[in-house]
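Data file: run.pdb. Format and content: PDB, N, CA and C atoms.
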```pdb
MODEL        1
ATOM      1  N   MET A   1      12.904 -29.880  15.523
ATOM      2  CA  MET A   1      13.567 -28.906  14.700
ATOM      3  C   MET A   1      12.882 -27.551  14.896
ATOM      4  N   TRP A   2      13.663 -26.512  15.153
ATOM      5  CA  TRP A   2      13.139 -25.175  15.393
ATOM      6  C   TRP A   2      13.264 -24.352  14.122
ATOM      7  N   THR A   3      12.180 -23.662  13.752
ATOM      8  CA  THR A   3      12.231 -22.758  12.594
ATOM      9  C   THR A   3      11.840 -21.371  13.064
ATOM     10  N   GLN A   4      12.489 -20.384  12.511
ATOM     11  CA  GLN A   4      12.206 -19.011  12.886
ATOM     12  C   GLN A   4      11.025 -18.510  12.074
ATOM     13  N   GLU A   5      10.016 -17.988  12.772
ATOM     14  CA  GLU A   5       8.841 -17.464  12.086
ATOM     15  C   GLU A   5       8.988 -15.968  11.867
ATOM     16  N   ARG A   6       8.436 -15.522  10.787
ATOM     17  CA  ARG A   6       8.442 -14.087  10.534
ATOM     18  C   ARG A   6       7.425 -13.420  11.440
ATOM     19  N   GLU A   7       7.766 -12.256  11.950
ATOM     20  CA  GLU A   7       6.896 -11.570  12.890
ATOM     21  C   GLU A   7       5.625 -11.033  12.247
ATOM     22  N   ASP A   8       5.664 -10.738  10.951
ATOM     23  CA  ASP A   8       4.495 -10.155  10.309
ATOM     24  C   ASP A   8       3.561 -11.202   9.708
ATOM     25  N   ASP A   9       3.800 -12.486   9.921
ATOM     26  CA  ASP A   9       2.923 -13.511   9.371
ATOM     27  C   ASP A   9       1.532 -13.485  10.000
ATOM     28  N   ASP A  10       1.450 -13.101  11.258
ATOM     29  CA  ASP A  10       0.174 -13.127  11.964
ATOM     30  C   ASP A  10      -0.642 -11.848  11.778
ATOM     31  N   GLU A  11      -0.054 -10.827  11.180
ATOM     32  CA  GLU A  11      -0.746  -9.552  11.026
ATOM     33  C   GLU A  11      -1.781  -9.609   9.910
ATOM     34  N   GLU A  12      -2.778  -8.764  10.072
ATOM     35  CA  GLU A  12      -3.794  -8.627   9.029
ATOM     36  C   GLU A  12      -3.167  -7.940   7.813
ATOM     37  N   PRO A  13      -3.658  -8.219   6.614
ATOM     38  CA  PRO A  13      -3.131  -7.492   5.448
ATOM     39  C   PRO A  13      -3.454  -6.005   5.569
ATOM     40  N   ARG A  14      -2.510  -5.180   5.228
ATOM     41  CA  ARG A  14      -2.683  -3.739   5.342
ATOM     42  C   ARG A  14      -3.419  -3.190   4.131
ATOM     43  N   ALA A  15      -4.240  -2.189   4.402
ATOM     44  CA  ALA A  15      -4.930  -1.502   3.306
ATOM     45  C   ALA A  15      -3.909  -0.615   2.598
ATOM     46  N   PRO A  16      -4.035  -0.469   1.276
ATOM     47  CA  PRO A  16      -3.083   0.399   0.576
ATOM     48  C   PRO A  16      -3.207   1.832   1.062
ATOM     49  N   GLY A  17      -2.085   2.521   1.103
ATOM     50  CA  GLY A  17      -2.067   3.910   1.554
ATOM     51  C   GLY A  17      -2.639   4.832   0.505
ATOM     52  N   PRO A  18      -2.754   6.107   0.820
ATOM     53  CA  PRO A  18      -3.283   7.065  -0.155
ATOM     54  C   PRO A  18      -2.299   7.263  -1.310
ATOM     55  N   TYR A  19      -2.830   7.772  -2.421
ATOM     56  CA  TYR A  19      -1.979   8.055  -3.571
ATOM     57  C   TYR A  19      -0.957   9.115  -3.193
ATOM     58  N   VAL A  20       0.305   8.832  -3.490
ATOM     59  CA  VAL A  20       1.369   9.790  -3.203
ATOM     60  C   VAL A  20       2.061  10.114  -4.511
ATOM     61  N   ASP A  21       2.088  11.388  -4.853
ATOM     62  CA  ASP A  21       2.753  11.821  -6.073
ATOM     63  C   ASP A  21       4.259  11.707  -5.887
ATOM     64  N   GLY A  22       4.951  11.131  -6.855
ATOM     65  CA  GLY A  22       6.383  10.909  -6.730
ATOM     66  C   GLY A  22       7.203  12.174  -6.628
ATOM     67  N   ALA A  23       6.726  13.271  -7.213
ATOM     68  CA  ALA A  23       7.496  14.510  -7.178
ATOM     69  C   ALA A  23       7.578  15.073  -5.760
ATOM     70  N   TRP A  24       6.532  14.890  -4.984
ATOM     71  CA  TRP A  24       6.511  15.427  -3.629
ATOM     72  C   TRP A  24       6.825  14.363  -2.593
ATOM     73  N   GLY A  25       6.549  13.093  -2.895
ATOM     74  CA  GLY A  25       6.776  12.024  -1.938
ATOM     75  C   GLY A  25       5.752  12.006  -0.819
ATOM     76  N   ARG A  26       4.693  12.780  -0.955
ATOM     77  CA  ARG A  26       3.640  12.833   0.059
ATOM     78  C   ARG A  26       2.401  13.436  -0.581
ATOM     79  N   THR A  27       1.289  13.314   0.091
ATOM     80  CA  THR A  27       0.089  13.986  -0.400
ATOM     81  C   THR A  27       0.054  15.386   0.192
ATOM     82  N   ALA A  28      -0.502  16.304  -0.540
ATOM     83  CA  ALA A  28      -0.567  17.690  -0.087
ATOM     84  C   ALA A  28      -2.026  18.091   0.089
ATOM     85  N   ASN A  29      -2.264  19.044   0.965
ATOM     86  CA  ASN A  29      -3.587  19.597   1.152
ATOM     87  C   ASN A  29      -3.982  20.325  -0.135
ATOM     88  N   PRO A  30      -5.095  19.928  -0.774
ATOM     89  CA  PRO A  30      -5.451  20.557  -2.049
ATOM     90  C   PRO A  30      -5.837  22.025  -1.920
ATOM     91  N   ASN A  31      -6.016  22.517  -0.700
ATOM     92  CA  ASN A  31      -6.370  23.925  -0.509
ATOM     93  C   ASN A  31      -5.157  24.822  -0.354
ATOM     94  N   THR A  32      -3.972  24.291  -0.558
ATOM     95  CA  THR A  32      -2.749  25.084  -0.447
ATOM     96  C   THR A  32      -2.103  25.206  -1.823
ATOM     97  N   ALA A  33      -1.124  26.079  -1.923
ATOM     98  CA  ALA A  33      -0.410  26.238  -3.194
ATOM     99  C   ALA A  33       0.320  24.947  -3.558
ATOM    100  N   ASP A  34       0.876  24.274  -2.558
ATOM    101  CA  ASP A  34       1.570  23.010  -2.806
ATOM    102  C   ASP A  34       0.602  21.968  -3.363
ATOM    103  N   GLY A  35      -0.598  21.939  -2.827
ATOM    104  CA  GLY A  35      -1.615  21.008  -3.328
ATOM    105  C   GLY A  35      -2.046  21.329  -4.734
ATOM    106  N   GLU A  36      -2.184  22.622  -5.038
ATOM    107  CA  GLU A  36      -2.551  23.009  -6.403
ATOM    108  C   GLU A  36      -1.463  22.613  -7.395
ATOM    109  N   LEU A  37      -0.201  22.823  -7.022
ATOM    110  CA  LEU A  37       0.894  22.413  -7.903
ATOM    111  C   LEU A  37       0.890  20.905  -8.109
ATOM    112  N   GLN A  38       0.598  20.163  -7.058
ATOM    113  CA  GLN A  38       0.538  18.704  -7.165
ATOM    114  C   GLN A  38      -0.609  18.288  -8.087
ATOM    115  N   ASN A  39      -1.752  18.964  -7.993
ATOM    116  CA  ASN A  39      -2.882  18.656  -8.862
ATOM    117  C   ASN A  39      -2.574  18.986 -10.316
ATOM    118  N   ILE A  40      -1.920  20.114 -10.558
ATOM    119  CA  ILE A  40      -1.543  20.483 -11.928
ATOM    120  C   ILE A  40      -0.556  19.468 -12.495
ATOM    121  N   SER A  41       0.373  19.013 -11.669
ATOM    122  CA  SER A  41       1.339  18.009 -12.098
ATOM    123  C   SER A  41       0.642  16.695 -12.453
ATOM    124  N   ALA A  42      -0.312  16.291 -11.635
ATOM    125  CA  ALA A  42      -1.047  15.053 -11.913
ATOM    126  C   ALA A  42      -1.881  15.197 -13.191
ATOM    127  N   PHE A  43      -2.465  16.385 -13.404
ATOM    128  CA  PHE A  43      -3.232  16.632 -14.624
ATOM    129  C   PHE A  43      -2.332  16.538 -15.847
ATOM    130  N   GLY A  44      -1.148  17.155 -15.764
ATOM    131  CA  GLY A  44      -0.203  17.098 -16.883
ATOM    132  C   GLY A  44       0.273  15.684 -17.159
ATOM    133  N   ALA A  45       0.514  14.916 -16.106
ATOM    134  CA  ALA A  45       0.943  13.523 -16.294
ATOM    135  C   ALA A  45      -0.153  12.711 -16.966
ATOM    136  N   GLY A  46      -1.399  12.954 -16.574
ATOM    137  CA  GLY A  46      -2.510  12.254 -17.215
ATOM    138  C   GLY A  46      -2.687  12.682 -18.659
ATOM    139  N   LEU A  47      -2.474  13.946 -18.938
ATOM    140  CA  LEU A  47      -2.614  14.457 -20.301
ATOM    141  C   LEU A  47      -1.566  13.850 -21.228
ATOM    142  N   THR A  48      -0.365  13.632 -20.737
ATOM    143  CA  THR A  48       0.677  13.065 -21.592
ATOM    144  C   THR A  48       0.423  11.592 -21.905
ATOM    145  N   ARG A  49      -0.388  10.916 -21.085
ATOM    146  CA  ARG A  49      -0.683   9.505 -21.342
ATOM    147  C   ARG A  49      -1.829   9.311 -22.327
ATOM    148  N   LEU A  50      -2.572  10.375 -22.620
ATOM    149  CA  LEU A  50      -3.692  10.256 -23.554
ATOM    150  C   LEU A  50      -3.190  10.123 -24.984
ATOM    151  N   SER A  51      -4.036   9.545 -25.821
ATOM    152  CA  SER A  51      -3.701   9.444 -27.245
ATOM    153  C   SER A  51      -4.987   9.502 -28.050
ATOM    154  N   GLY A  52      -4.835   9.788 -29.313
ATOM    155  CA  GLY A  52      -5.971   9.789 -30.226
ATOM    156  C   GLY A  52      -6.926  10.943 -29.990
ATOM    157  N   PRO A  53      -8.227  10.677 -30.182
ATOM    158  CA  PRO A  53      -9.217  11.753 -30.076
ATOM    159  C   PRO A  53      -9.352  12.324 -28.658
ATOM    160  N   ARG A  54      -9.096  11.518 -27.645
ATOM    161  CA  ARG A  54      -9.179  12.030 -26.270
ATOM    162  C   ARG A  54      -8.083  13.063 -26.016
ATOM    163  N   ARG A  55      -6.895  12.816 -26.564
ATOM    164  CA  ARG A  55      -5.805  13.781 -26.408
ATOM    165  C   ARG A  55      -6.134  15.081 -27.147
ATOM    166  N   THR A  56      -6.695  14.958 -28.339
ATOM    167  CA  THR A  56      -7.071  16.142 -29.114
ATOM    168  C   THR A  56      -8.133  16.951 -28.370
ATOM    169  N   ALA A  57      -9.120  16.264 -27.806
ATOM    170  CA  ALA A  57     -10.170  16.962 -27.056
ATOM    171  C   ALA A  57      -9.587  17.656 -25.831
ATOM    172  N   ALA A  58      -8.670  17.002 -25.132
ATOM    173  CA  ALA A  58      -8.043  17.608 -23.955
ATOM    174  C   ALA A  58      -7.219  18.832 -24.349
ATOM    175  N   LYS A  59      -6.512  18.751 -25.467
ATOM    176  CA  LYS A  59      -5.731  19.894 -25.938
ATOM    177  C   LYS A  59      -6.634  21.075 -26.273
ATOM    178  N   VAL A  60      -7.767  20.806 -26.912
ATOM    179  CA  VAL A  60      -8.710  21.878 -27.264
ATOM    180  C   VAL A  60      -9.220  22.545 -25.990
ATOM    181  N   VAL A  61      -9.570  21.753 -24.987
ATOM    182  CA  VAL A  61     -10.074  22.321 -23.732
ATOM    183  C   VAL A  61      -9.006  23.182 -23.063
ATOM    184  N   VAL A  62      -7.774  22.691 -23.015
ATOM    185  CA  VAL A  62      -6.686  23.453 -22.392
ATOM    186  C   VAL A  62      -6.455  24.757 -23.149
ATOM    187  N   TRP A  63      -6.440  24.717 -24.471
ATOM    188  CA  TRP A  63      -6.238  25.941 -25.250
ATOM    189  C   TRP A  63      -7.385  26.928 -25.056
ATOM    190  N   LEU A  64      -8.615  26.434 -24.970
ATOM    191  CA  LEU A  64      -9.744  27.329 -24.734
ATOM    192  C   LEU A  64      -9.623  28.016 -23.372
ATOM    193  N   ILE A  65      -9.188  27.274 -22.376
ATOM    194  CA  ILE A  65      -8.982  27.860 -21.049
ATOM    195  C   ILE A  65      -7.901  28.930 -21.105
ATOM    196  N   LEU A  66      -6.786  28.619 -21.765
ATOM    197  CA  LEU A  66      -5.697  29.595 -21.864
ATOM    198  C   LEU A  66      -6.117  30.842 -22.636
ATOM    199  N   ILE A  67      -6.860  30.669 -23.715
ATOM    200  CA  ILE A  67      -7.343  31.814 -24.490
ATOM    201  C   ILE A  67      -8.295  32.652 -23.643
ATOM    202  N   GLY A  68      -9.153  32.008 -22.868
ATOM    203  CA  GLY A  68     -10.061  32.729 -21.985
ATOM    204  C   GLY A  68      -9.320  33.540 -20.934
ATOM    205  N   VAL A  69      -8.253  32.975 -20.376
ATOM    206  CA  VAL A  69      -7.462  33.700 -19.378
ATOM    207  C   VAL A  69      -6.792  34.913 -20.014
ATOM    208  N   VAL A  70      -6.213  34.733 -21.200
ATOM    209  CA  VAL A  70      -5.536  35.845 -21.887
ATOM    210  C   VAL A  70      -6.537  36.945 -22.235
ATOM    211  N   LEU A  71      -7.702  36.578 -22.744
ATOM    212  CA  LEU A  71      -8.708  37.592 -23.081
ATOM    213  C   LEU A  71      -9.179  38.349 -21.838
ATOM    214  N   THR A  72      -9.308  37.643 -20.730
ATOM    215  CA  THR A  72      -9.715  38.298 -19.487
ATOM    216  C   THR A  72      -8.668  39.306 -19.023
ATOM    217  N   VAL A  73      -7.397  38.924 -19.094
ATOM    218  CA  VAL A  73      -6.316  39.830 -18.686
ATOM    219  C   VAL A  73      -6.269  41.045 -19.603
ATOM    220  N   VAL A  74      -6.373  40.835 -20.910
ATOM    221  CA  VAL A  74      -6.339  41.952 -21.864
ATOM    222  C   VAL A  74      -7.529  42.875 -21.631
ATOM    223  N   TYR A  75      -8.716  42.311 -21.444
ATOM    224  CA  TYR A  75      -9.902  43.121 -21.199
ATOM    225  C   TYR A  75      -9.759  43.913 -19.899
ATOM    226  N   GLY A  76      -9.210  43.288 -18.865
ATOM    227  CA  GLY A  76      -8.996  43.987 -17.602
ATOM    228  C   GLY A  76      -8.000  45.112 -17.729
ATOM    229  N   LEU A  77      -6.904  44.865 -18.442
ATOM    230  CA  LEU A  77      -5.895  45.916 -18.658
ATOM    231  C   LEU A  77      -6.470  47.054 -19.486
ATOM    232  N   PHE A  78      -7.264  46.724 -20.494
ATOM    233  CA  PHE A  78      -7.894  47.755 -21.319
ATOM    234  C   PHE A  78      -8.838  48.604 -20.473
ATOM    235  N   GLY A  79      -9.571  47.975 -19.564
ATOM    236  CA  GLY A  79     -10.473  48.704 -18.689
ATOM    237  C   GLY A  79      -9.735  49.629 -17.735
ATOM    238  N   ILE A  80      -8.577  49.168 -17.240
ATOM    239  CA  ILE A  80      -7.776  49.993 -16.331
ATOM    240  C   ILE A  80      -7.192  51.193 -17.073
ATOM    241  N   VAL A  81      -6.658  50.961 -18.270
ATOM    242  CA  VAL A  81      -6.000  52.025 -19.048
ATOM    243  C   VAL A  81      -7.022  53.053 -19.523
ATOM    244  N   SER A  82      -8.204  52.612 -19.904
ATOM    245  CA  SER A  82      -9.191  53.540 -20.470
ATOM    246  C   SER A  82      -9.914  54.365 -19.402
ATOM    247  N   SER A  83      -9.797  54.035 -18.117
ATOM    248  CA  SER A  83     -10.516  54.816 -17.090
ATOM    249  C   SER A  83      -9.818  56.063 -16.713
TER     250      SER A  83
ENDMDL
END
```
Transcribe the structure of this file into structure tokens.
Amino acid sequence: MWTQEREDDDEEPRAPGPYVDGAWGRTANPNTADGELQNISAFGAGLTRLSGPRRTAAKVVVWLILIGVVLTVVYGLFGIVSS
């Protein structure tokens, strides 16, 4: 009796590929704008999965960063206008 063998039965198990973000369908070079957007997207996805005190701590850190950016822009604009 003849049975058909699958061609991939003799192959070694493959190592899992790199993490691929679903929005892009590929990994991006982190030194490019596309890579930065992918990193921000992954950060946001991780932030939405947090709960409890870890989520509160992450929110505080994000707000502190945003407040720091706004203060820097205002201070820079004030310096430009006053010169």
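In this structure, CA of Ala58 in chain A sits 13.8 Å away from atom C of Ile40 in chain A.
In this model, the gap between CA of Asn39 in chain A and atom N of Thr27 in chain A comes to 11.2 Å.
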Could you work out how far atom N of Ser82 in chain A lies from atom N of Trp63 in chain A, giving the answer in Å with one decimal?
->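 Result for atom N of Trp63 in chain A versus atom N of Ser82 in chain A: 28.3 Å, one decimal.
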Mind checking DSSP for range 21-63 of chain A and telling me the helix (DSSP H, G or I) residues as a VMD selection string?
-> chain A and resid 33 to 49 53 to 63
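Closest to Val62 in chain A among A:Tyr75, A:Gly44, A:Arg49, A:Ala15 is A:Gly44, based on only C-alpha atoms.
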